Protein chains: 2
Amino acid sequence: MWKRLVECVPNISEGRHESLISEIATAAQGRGRVLLDTKSDADQNRTVITLVGEPDALAEGVLALTRAAVERIDLRQHRGTHPRMGAVDVIPFVPVRGVTMPECVVLSRRVAEEIADKLGVPVYLYEESARDETRRDLATVRRGEFEGLAEKMKDPSWSPDLGPSHPHPSAGAVAVGAREFLIAFNVNLATPDLSVAKRVAAAVRFSSGGLRYVKALGFPLAERGAVQVSMNLTNFRRTPILRVLEMVRREAERCGVAVSGAEIVGTVPREALYDVAASSLQLLDFSPKLVLEERIEEAFGVDR
Amino acid sequence: MWKRLVECVPNISEGRHESLISEIATAAQGRGRVLLDTKSDADQNRTVITLVGEPDALAEGVLALTRAAVERIDLRQHRGTHPRMGAVDVIPFVPVRGVTMPECVVLSRRVAEEIADKLGVPVYLYEESARDETRRDLATVRRGEFEGLAEKMKDPSWSPDLGPSHPHPSAGAVAVGAREFLIAFNVNLATPDLSVAKRVAAAVRFSSGGLRYVKALGFPLAERGAVQVSMNLTNFRRTPILRVLEMVRREAERCGVAVSGAEIVGTVPREALYDVAASSLQLLDFSPKLVLEERIEEAFGVDR
């Protein structure tokens with residue numbers, strides 16, 4: 001395992017043609033990084049690609065992937081249910097291990113410059129990499145989508161951060177930035193009453209007064225006579241998973257409803273689980289050095 | 001990281017002469033295993049050595065360490081507060097990853113045979129490796145210590161499992177076996193009243209009617225006006241840490257006392273922390289594959 005590890009999750013605007021998707025995803029492969037996952041959605045006509053690797057090697061792979069996508073995807077022909085403005089729509093970099101957020105911001109801006117210079121695609125810097133608070137939110141940056149992009153760019157307040165001041169004819173524009181790891185955490189409630197899930201979601205989510213790094217919606221779980229609070233935790237270090245679950249549990253209790261289970265969709269960083277364990281066990285001086293396997297890895301001085 | 005991983009924790013009867021201890025510990029080193037830790041106690045005149053590695057490589061290292069200890073330690077000169085019967089007193093093998101308990105039993109018996117054959121030291125097989133229930137418990141096997149060993153071995157029910165039927169003149173005898181990972185888990189209670197810690201310890205420990213794989217004692221923590229329930233969890237898979245803490249908390253509550261914190265002494269296997277996190281979060285379908293780093297390691301097919 002590498003000591004310095006960054007994750008990158010490019011979203012490309014192609015979710016239907018398997019061979020095309022595979023060509024684009026494999027373009028990212030090479031020494032020092034690994035393709036962890038690709039998840040396509042035909043309705044959205046979009047694929048989420050998960051890469052991890054050493055910072056420099058990862059940057060190289062992401063540029064190669066972007067080049068392959070720009071050459072193969074024509075947004076003028078693209079139809080799908082998910083909002084998008086580019087062939088590669090968004091490229092978030094996520095610090096995983098041995099890398100700080102400021103380092104990830106630098107990395108994302110370097111890749112952004114290369115995309116602008118070498119591929120001629122305009123770039124918006126978003127999230128932690130944004131040069132202006134108005135560009136931090138991806139939904140705002142993307143508003144108007146590919147079809148509205150030429151018009152939007154004429155407004156000086158929406159000229160791209162890097163690259164040409166007009167959209168790439170077939171590839172549009174791309175949002176590049178650094179953000180924290182996003183944990184998709186769903187909690188099931190033992191009731192068929194959807195209003196309970198909606199009420200709990202409203203209580204815990206930031207937008208309606210809840211926890212800062214929580215997005216939440218209530219959904220029915222038809223097959224089980226239960227409902228679900230579906231959440232995105234956008235900064236597990238500042239808003240820990242366990243605290244979120246405890247708040248969900250407490251709010252559901254007000255309606256006389258119990259939590260019947262939970263699930264993590266995708267992956268969760270090891271550190272987040274260590275944090276849950278340390279909090280639950282009241283381990284005041286927890287350090288990863290208490291973990292046998294971490295000690296073994298340290299003894300090896302593993303760095304590959 | 002190796003895919004198949006065993007821990008071995010030889011206890012040697014020398015805790016005072018640093019150079020001697022270092023000679024014995026480093027004798028275990030070599031390809032495929034690593035020396036994680038040595039912890040000496042001068043009063044006990046004993047050192048606990050922690051090794052991990054691939055099964056075969058580890059076995060080789062343990063035999064080399066045992067040879068070095070048998071050559072250097074003379075129990076006829078040994079004084080210390082800890083009970084002991086051999087130069088190498090006890091050699092437990094612990095399955096950590098990709099290795100079953102029955103495989104560890106086989107490994108321990110193979111090393112035991114080599115110690116008996118090549119070094120002429122009689123061996124008692126204990127814990128999971130015991131051929132007889134009466135030899136499962138180390139304290140029972142060791143009763144009488146080095147000084148009583150010659151007499152004890154004359155009793156047919158205490159003839160060694162392997163090797164000569166009399167003690168090695170300077171190295172005595174050694175107990176070899178396989179056991180589960182032992183977690184040293186201490187819970188602090190917010191009271192200066194030692195009787196509360198003793199009462200809670202009695203409630204949770206196996207010997208007085210509590211949980212099967214828990215040993216517990218109550219101690220004062222003089223410096224903080226608090227007390228501690230000090231526990232050994234001898235099988236965290238069957239008696240999970242979180243359940244133990246919850247029982248301690250509940251029993252302390254009966255006396256109106258809160259848990260003020262907890263600590264793990266030594267190390268804890270990653271799997272045990274995953275289990276705490278999954279239980280706390282009610283993750284019904286938890287699998288290590290949900291953990292980002294596990295997925296990365298899997299993608300590498302790491303096996304070194």
# chains A, B, ... in the order shown; residues from 1 in each chain; ligands from 1
$ calpha_fit_and_write --fixed "chain A" --moving "chain B" --output "short mmCIF file (atom, residue, chain, number, x, y, z; two decimals) with C-alpha atoms, in the first residue's frame"
data_model
loop_
_atom_site.label_atom_id
_atom_site.label_comp_id
_atom_site.auth_asym_id
_atom_site.auth_seq_id
_atom_site.Cartn_x
_atom_site.Cartn_y
_atom_site.Cartn_z
CA MET B 1 0.07 0.02 -0.02
CA TRP B 2 1.24 3.51 -0.84
CA LYS B 3 1.83 5.91 2.01
CA ARG B 4 0.25 8.88 0.20
CA LEU B 5 -3.10 8.05 -1.21
CA VAL B 6 -5.65 10.14 -3.11
CA GLU B 7 -8.98 9.06 -4.53
CA CYS B 8 -10.41 10.56 -7.72
CA VAL B 9 -13.97 9.99 -8.91
CA PRO B 10 -14.44 11.31 -12.46
CA ASN B 11 -18.04 11.29 -13.69
CA ILE B 12 -18.28 10.85 -17.46
CA SER B 13 -21.35 11.50 -19.63
CA GLU B 14 -21.64 8.02 -21.10
CA GLY B 15 -23.48 5.21 -19.37
CA ARG B 16 -24.76 2.99 -22.16
CA HIS B 17 -21.97 1.74 -24.43
CA GLU B 18 -19.93 -0.72 -22.44
CA SER B 19 -16.94 -0.89 -24.79
CA LEU B 20 -16.71 2.91 -24.95
CA ILE B 21 -16.87 3.18 -21.13
CA SER B 22 -14.23 0.51 -20.77
CA GLU B 23 -11.91 2.27 -23.24
CA ILE B 24 -12.19 5.50 -21.27
CA ALA B 25 -11.78 3.87 -17.84
CA THR B 26 -8.78 1.75 -18.81
CA ALA B 27 -7.07 4.81 -20.29
CA ALA B 28 -6.52 5.85 -16.66
CA GLN B 29 -4.55 2.75 -15.78
CA GLY B 30 -0.83 2.70 -15.16
CA ARG B 31 1.84 2.50 -12.51
CA GLY B 32 1.04 4.00 -9.13
CA ARG B 33 -2.73 4.04 -9.46
CA VAL B 34 -5.53 1.52 -9.64
CA LEU B 35 -9.02 1.47 -11.12
CA LEU B 36 -11.27 0.49 -8.21
CA ASP B 37 -14.72 0.63 -9.68
CA THR B 38 -16.92 1.83 -12.54
CA LYS B 39 -20.65 2.25 -12.02
CA SER B 40 -22.81 3.04 -15.05
CA ASP B 41 -26.43 4.16 -15.16
CA ALA B 42 -28.20 3.86 -18.51
CA ASP B 43 -31.04 6.25 -17.65
CA GLN B 44 -28.63 8.89 -16.44
CA ASN B 45 -26.32 7.99 -19.34
CA ARG B 46 -23.46 8.54 -16.94
CA THR B 47 -20.62 6.52 -15.39
CA VAL B 48 -18.89 7.11 -12.07
CA ILE B 49 -15.27 5.92 -12.17
CA THR B 50 -13.30 5.42 -8.97
CA LEU B 51 -9.51 5.65 -9.09
CA VAL B 52 -6.99 5.68 -6.26
CA GLY B 53 -3.27 6.15 -6.27
CA GLU B 54 -0.25 8.19 -5.41
CA PRO B 55 -0.88 11.88 -6.11
CA ASP B 56 1.37 12.30 -9.17
CA ALA B 57 0.56 8.96 -10.75
CA LEU B 58 -3.14 9.55 -10.19
CA ALA B 59 -2.97 12.97 -11.84
CA GLU B 60 -1.38 11.37 -14.89
CA GLY B 61 -4.13 8.73 -15.08
CA VAL B 62 -6.92 11.30 -14.72
CA LEU B 63 -5.50 13.39 -17.54
CA ALA B 64 -5.31 10.31 -19.79
CA LEU B 65 -8.90 9.38 -18.92
CA THR B 66 -10.09 12.91 -19.61
CA ARG B 67 -8.34 12.91 -22.99
CA ALA B 68 -9.96 9.58 -23.89
CA ALA B 69 -13.41 10.85 -22.87
CA VAL B 70 -13.07 14.16 -24.71
CA GLU B 71 -12.10 12.26 -27.88
CA ARG B 72 -15.02 9.83 -27.64
CA ILE B 73 -18.01 11.59 -26.09
CA ASP B 74 -20.05 14.20 -27.99
CA LEU B 75 -22.39 16.07 -25.67
CA ARG B 76 -24.37 17.36 -28.64
CA GLN B 77 -25.73 13.81 -28.95
CA HIS B 78 -26.08 13.15 -25.20
CA ARG B 79 -29.44 12.46 -23.57
CA GLY B 80 -29.81 11.41 -19.94
CA THR B 81 -31.66 12.17 -16.70
CA HIS B 82 -28.64 13.48 -14.77
CA PRO B 83 -27.61 17.15 -15.10
CA ARG B 84 -24.27 17.50 -16.94
CA MET B 85 -22.18 20.14 -18.69
CA GLY B 86 -19.23 18.13 -20.00
CA ALA B 87 -17.98 14.89 -21.57
CA VAL B 88 -16.12 14.55 -18.31
CA ASP B 89 -18.60 16.34 -16.11
CA VAL B 90 -16.86 16.57 -12.77
CA ILE B 91 -13.48 15.47 -11.36
CA PRO B 92 -13.28 15.47 -7.55
CA PHE B 93 -10.01 14.66 -5.77
CA VAL B 94 -10.31 13.23 -2.24
CA PRO B 95 -7.47 12.97 0.31
CA VAL B 96 -7.43 9.43 1.73
CA ARG B 97 -4.15 8.97 3.55
CA GLY B 98 -0.92 10.91 4.13
CA VAL B 99 -2.22 13.81 2.06
CA THR B 100 -3.78 17.04 3.33
CA MET B 101 -6.72 18.88 1.83
CA PRO B 102 -4.53 21.84 0.76
CA GLU B 103 -2.25 19.36 -1.05
CA CYS B 104 -5.29 17.93 -2.80
CA VAL B 105 -6.37 21.43 -3.83
CA VAL B 106 -2.95 22.02 -5.40
CA LEU B 107 -3.16 18.65 -7.17
CA SER B 108 -6.64 19.37 -8.54
CA ARG B 109 -5.58 22.78 -9.85
CA ARG B 110 -2.55 21.26 -11.58
CA VAL B 111 -4.73 18.70 -13.35
CA ALA B 112 -7.22 21.47 -14.18
CA GLU B 113 -4.46 23.49 -15.86
CA GLU B 114 -3.36 20.52 -17.93
CA ILE B 115 -6.93 19.82 -19.05
CA ALA B 116 -7.32 23.45 -20.09
CA ASP B 117 -3.92 23.71 -21.81
CA LYS B 118 -3.60 20.31 -23.46
CA LEU B 119 -7.22 19.45 -24.24
CA GLY B 120 -8.69 22.93 -24.74
CA VAL B 121 -11.57 22.26 -22.37
CA PRO B 122 -12.64 25.16 -20.09
CA VAL B 123 -12.50 24.34 -16.37
CA TYR B 124 -14.44 25.55 -13.35
CA LEU B 125 -12.70 25.04 -10.01
CA TYR B 126 -15.27 23.96 -7.39
CA GLU B 127 -15.57 22.85 -3.72
CA GLU B 128 -12.31 23.29 -1.77
CA SER B 129 -10.48 24.31 -4.96
CA ALA B 130 -12.89 27.13 -5.82
CA ARG B 131 -11.28 30.57 -6.14
CA ASP B 132 -14.62 32.16 -5.33
CA GLU B 133 -17.35 31.11 -2.87
CA THR B 134 -19.99 31.37 -5.63
CA ARG B 135 -18.29 28.48 -7.44
CA ARG B 136 -17.99 26.15 -4.47
CA ASP B 137 -21.32 24.42 -5.10
CA LEU B 138 -21.32 22.05 -8.10
CA ALA B 139 -25.06 22.37 -8.78
CA THR B 140 -24.69 26.16 -9.11
CA VAL B 141 -21.68 25.84 -11.41
CA ARG B 142 -23.51 23.33 -13.60
CA ARG B 143 -26.83 25.19 -13.75
CA GLY B 144 -27.91 25.62 -17.40
CA GLU B 145 -26.02 22.43 -18.32
CA PHE B 146 -24.20 21.82 -21.61
CA GLU B 147 -26.98 23.40 -23.67
CA GLY B 148 -26.83 26.69 -21.73
CA LEU B 149 -23.05 26.85 -21.38
CA ALA B 150 -22.16 29.17 -24.30
CA GLU B 151 -24.69 31.73 -23.07
CA LYS B 152 -23.64 31.36 -19.40
CA MET B 153 -19.96 31.93 -20.20
CA LYS B 154 -20.76 35.27 -21.80
CA ASP B 155 -21.61 36.52 -18.30
CA PRO B 156 -18.23 37.71 -16.90
CA SER B 157 -19.14 36.30 -13.47
CA TRP B 158 -19.28 32.84 -15.10
CA SER B 159 -16.16 32.94 -17.26
CA PRO B 160 -14.19 29.71 -16.66
CA ASP B 161 -11.31 29.65 -14.17
CA LEU B 162 -8.98 28.10 -16.75
CA GLY B 163 -8.92 27.48 -20.51
CA PRO B 164 -10.91 29.01 -23.36
CA SER B 165 -13.77 31.39 -22.56
CA HIS B 166 -16.17 29.35 -24.70
CA PRO B 167 -17.30 25.71 -24.38
CA HIS B 168 -15.40 22.92 -26.10
CA PRO B 169 -17.68 22.14 -29.08
CA SER B 170 -18.27 18.48 -28.22
CA ALA B 171 -16.95 18.20 -24.63
CA GLY B 172 -18.44 21.32 -23.00
CA ALA B 173 -16.72 22.19 -19.75
CA VAL B 174 -15.56 20.34 -16.64
CA ALA B 175 -15.68 21.05 -12.91
CA VAL B 176 -12.45 20.09 -11.10
CA GLY B 177 -11.91 20.32 -7.37
CA ALA B 178 -10.95 18.77 -4.07
CA ARG B 179 -13.44 17.65 -1.46
CA GLU B 180 -13.71 15.41 1.57
CA PHE B 181 -14.68 11.75 1.26
CA LEU B 182 -18.42 11.38 0.89
CA ILE B 183 -20.10 8.58 2.84
CA ALA B 184 -23.50 7.39 1.64
CA PHE B 185 -25.23 6.24 4.83
CA ASN B 186 -28.83 5.00 4.90
CA VAL B 187 -30.81 4.29 8.06
CA ASN B 188 -33.96 2.17 8.02
CA LEU B 189 -36.90 2.96 10.31
CA ALA B 190 -39.36 0.32 11.47
CA THR B 191 -42.51 1.99 10.20
CA PRO B 192 -44.35 2.12 6.85
CA ASP B 193 -45.06 5.84 7.49
CA LEU B 194 -42.99 7.90 5.04
CA SER B 195 -43.70 11.10 6.96
CA VAL B 196 -41.51 9.84 9.83
CA ALA B 197 -38.52 9.42 7.49
CA LYS B 198 -39.11 12.87 6.00
CA ARG B 199 -39.40 14.43 9.45
CA VAL B 200 -36.19 12.78 10.66
CA ALA B 201 -34.34 13.74 7.46
CA ALA B 202 -35.41 17.36 7.94
CA ALA B 203 -34.18 17.31 11.53
CA VAL B 204 -30.68 16.02 10.78
CA ARG B 205 -29.83 17.75 7.49
CA PHE B 206 -27.91 20.99 7.32
CA SER B 207 -30.26 22.71 4.90
CA SER B 208 -33.12 22.73 7.38
CA GLY B 209 -31.14 23.40 10.58
CA GLY B 210 -29.44 20.08 11.32
CA LEU B 211 -25.85 18.92 11.30
CA ARG B 212 -23.44 20.85 9.13
CA TYR B 213 -22.12 18.08 6.89
CA VAL B 214 -25.31 16.07 6.39
CA LYS B 215 -27.61 15.93 3.38
CA ALA B 216 -30.72 13.80 3.95
CA LEU B 217 -33.96 12.71 2.30
CA GLY B 218 -36.75 10.35 3.36
CA PHE B 219 -37.69 7.48 1.04
CA PRO B 220 -40.16 4.58 1.16
CA LEU B 221 -38.74 1.04 1.19
CA ALA B 222 -41.77 -0.54 -0.43
CA GLU B 223 -40.74 -4.17 -0.23
CA ARG B 224 -40.27 -4.20 3.54
CA GLY B 225 -43.04 -1.97 4.89
CA ALA B 226 -40.29 0.30 6.16
CA VAL B 227 -38.88 3.72 5.33
CA GLN B 228 -35.36 5.02 4.94
CA VAL B 229 -33.45 8.15 5.82
CA SER B 230 -30.94 8.33 2.98
CA MET B 231 -27.94 10.53 3.75
CA ASN B 232 -24.73 11.89 2.30
CA LEU B 233 -22.14 12.67 4.97
CA THR B 234 -19.81 15.18 3.34
CA ASN B 235 -17.23 15.47 6.12
CA PHE B 236 -17.06 12.51 8.49
CA ARG B 237 -14.23 14.08 10.48
CA ARG B 238 -16.33 17.05 11.56
CA THR B 239 -19.74 15.39 11.59
CA PRO B 240 -19.00 11.78 12.66
CA ILE B 241 -21.23 8.94 11.47
CA LEU B 242 -22.06 7.78 14.98
CA ARG B 243 -23.33 11.21 16.01
CA VAL B 244 -25.53 11.28 12.91
CA LEU B 245 -27.00 7.86 13.70
CA GLU B 246 -27.65 8.86 17.30
CA MET B 247 -29.52 11.94 16.17
CA VAL B 248 -31.56 9.93 13.67
CA ARG B 249 -32.38 7.39 16.40
CA ARG B 250 -33.40 10.12 18.85
CA GLU B 251 -35.60 11.91 16.32
CA ALA B 252 -37.27 8.66 15.27
CA GLU B 253 -37.93 7.83 18.92
CA ARG B 254 -39.99 11.02 19.22
CA CYS B 255 -42.37 9.40 16.74
CA GLY B 256 -42.22 6.09 18.62
CA VAL B 257 -40.19 4.50 15.83
CA ALA B 258 -37.04 2.39 16.16
CA VAL B 259 -34.04 2.12 13.86
CA SER B 260 -34.15 -1.35 12.29
CA GLY B 261 -30.78 -1.26 10.53
CA ALA B 262 -28.42 0.78 8.42
CA GLU B 263 -26.22 0.45 5.37
CA ILE B 264 -23.23 2.07 3.76
CA VAL B 265 -23.46 2.41 -0.02
CA GLY B 266 -20.13 2.31 -1.84
CA THR B 267 -17.20 2.49 0.53
CA VAL B 268 -16.20 4.04 3.83
CA PRO B 269 -12.65 5.04 4.82
CA ARG B 270 -11.08 2.85 7.48
CA GLU B 271 -10.49 5.93 9.62
CA ALA B 272 -14.24 6.57 9.82
CA LEU B 273 -14.85 3.06 11.22
CA TYR B 274 -11.97 3.40 13.68
CA ASP B 275 -13.61 6.62 14.84
CA VAL B 276 -16.97 4.91 15.38
CA ALA B 277 -15.29 2.09 17.34
CA ALA B 278 -13.21 4.47 19.46
CA SER B 279 -16.27 6.61 20.28
CA SER B 280 -18.45 3.62 21.09
CA LEU B 281 -15.81 2.10 23.36
CA GLN B 282 -14.97 5.47 24.95
CA LEU B 283 -11.31 4.93 24.01
CA LEU B 284 -10.03 8.36 24.99
CA ASP B 285 -6.49 7.86 23.70
CA PHE B 286 -7.26 5.89 20.59
CA SER B 287 -4.59 5.84 17.92
CA PRO B 288 -4.30 3.59 14.85
CA LYS B 289 -1.12 2.28 16.49
CA LEU B 290 -3.39 0.21 18.74
CA VAL B 291 -4.44 -1.79 15.71
CA LEU B 292 -2.40 -4.95 15.16
CA GLU B 293 -2.39 -4.68 11.37
CA GLU B 294 -1.32 -1.02 11.43
CA ARG B 295 1.63 -2.02 13.61
CA ILE B 296 2.55 -4.77 11.19
CA GLU B 297 2.38 -2.41 8.21
CA GLU B 298 4.48 0.12 10.12
CA ALA B 299 7.07 -2.55 11.01
CA PHE B 300 7.37 -3.37 7.32
CA GLY B 301 7.70 0.27 6.41
CA VAL B 302 5.46 -0.69 3.51
CA ASP B 303 5.53 1.83 0.70
CA ARG B 304 4.70 0.41 -2.68
#
$ select_by_dssp --residues "range 77-276 of chain A" --states "alpha helix (DSSP H)" --output "number ranges by chain"
A: 101-119, 138-142, 145-154, 194-204, 241-254, 270-276
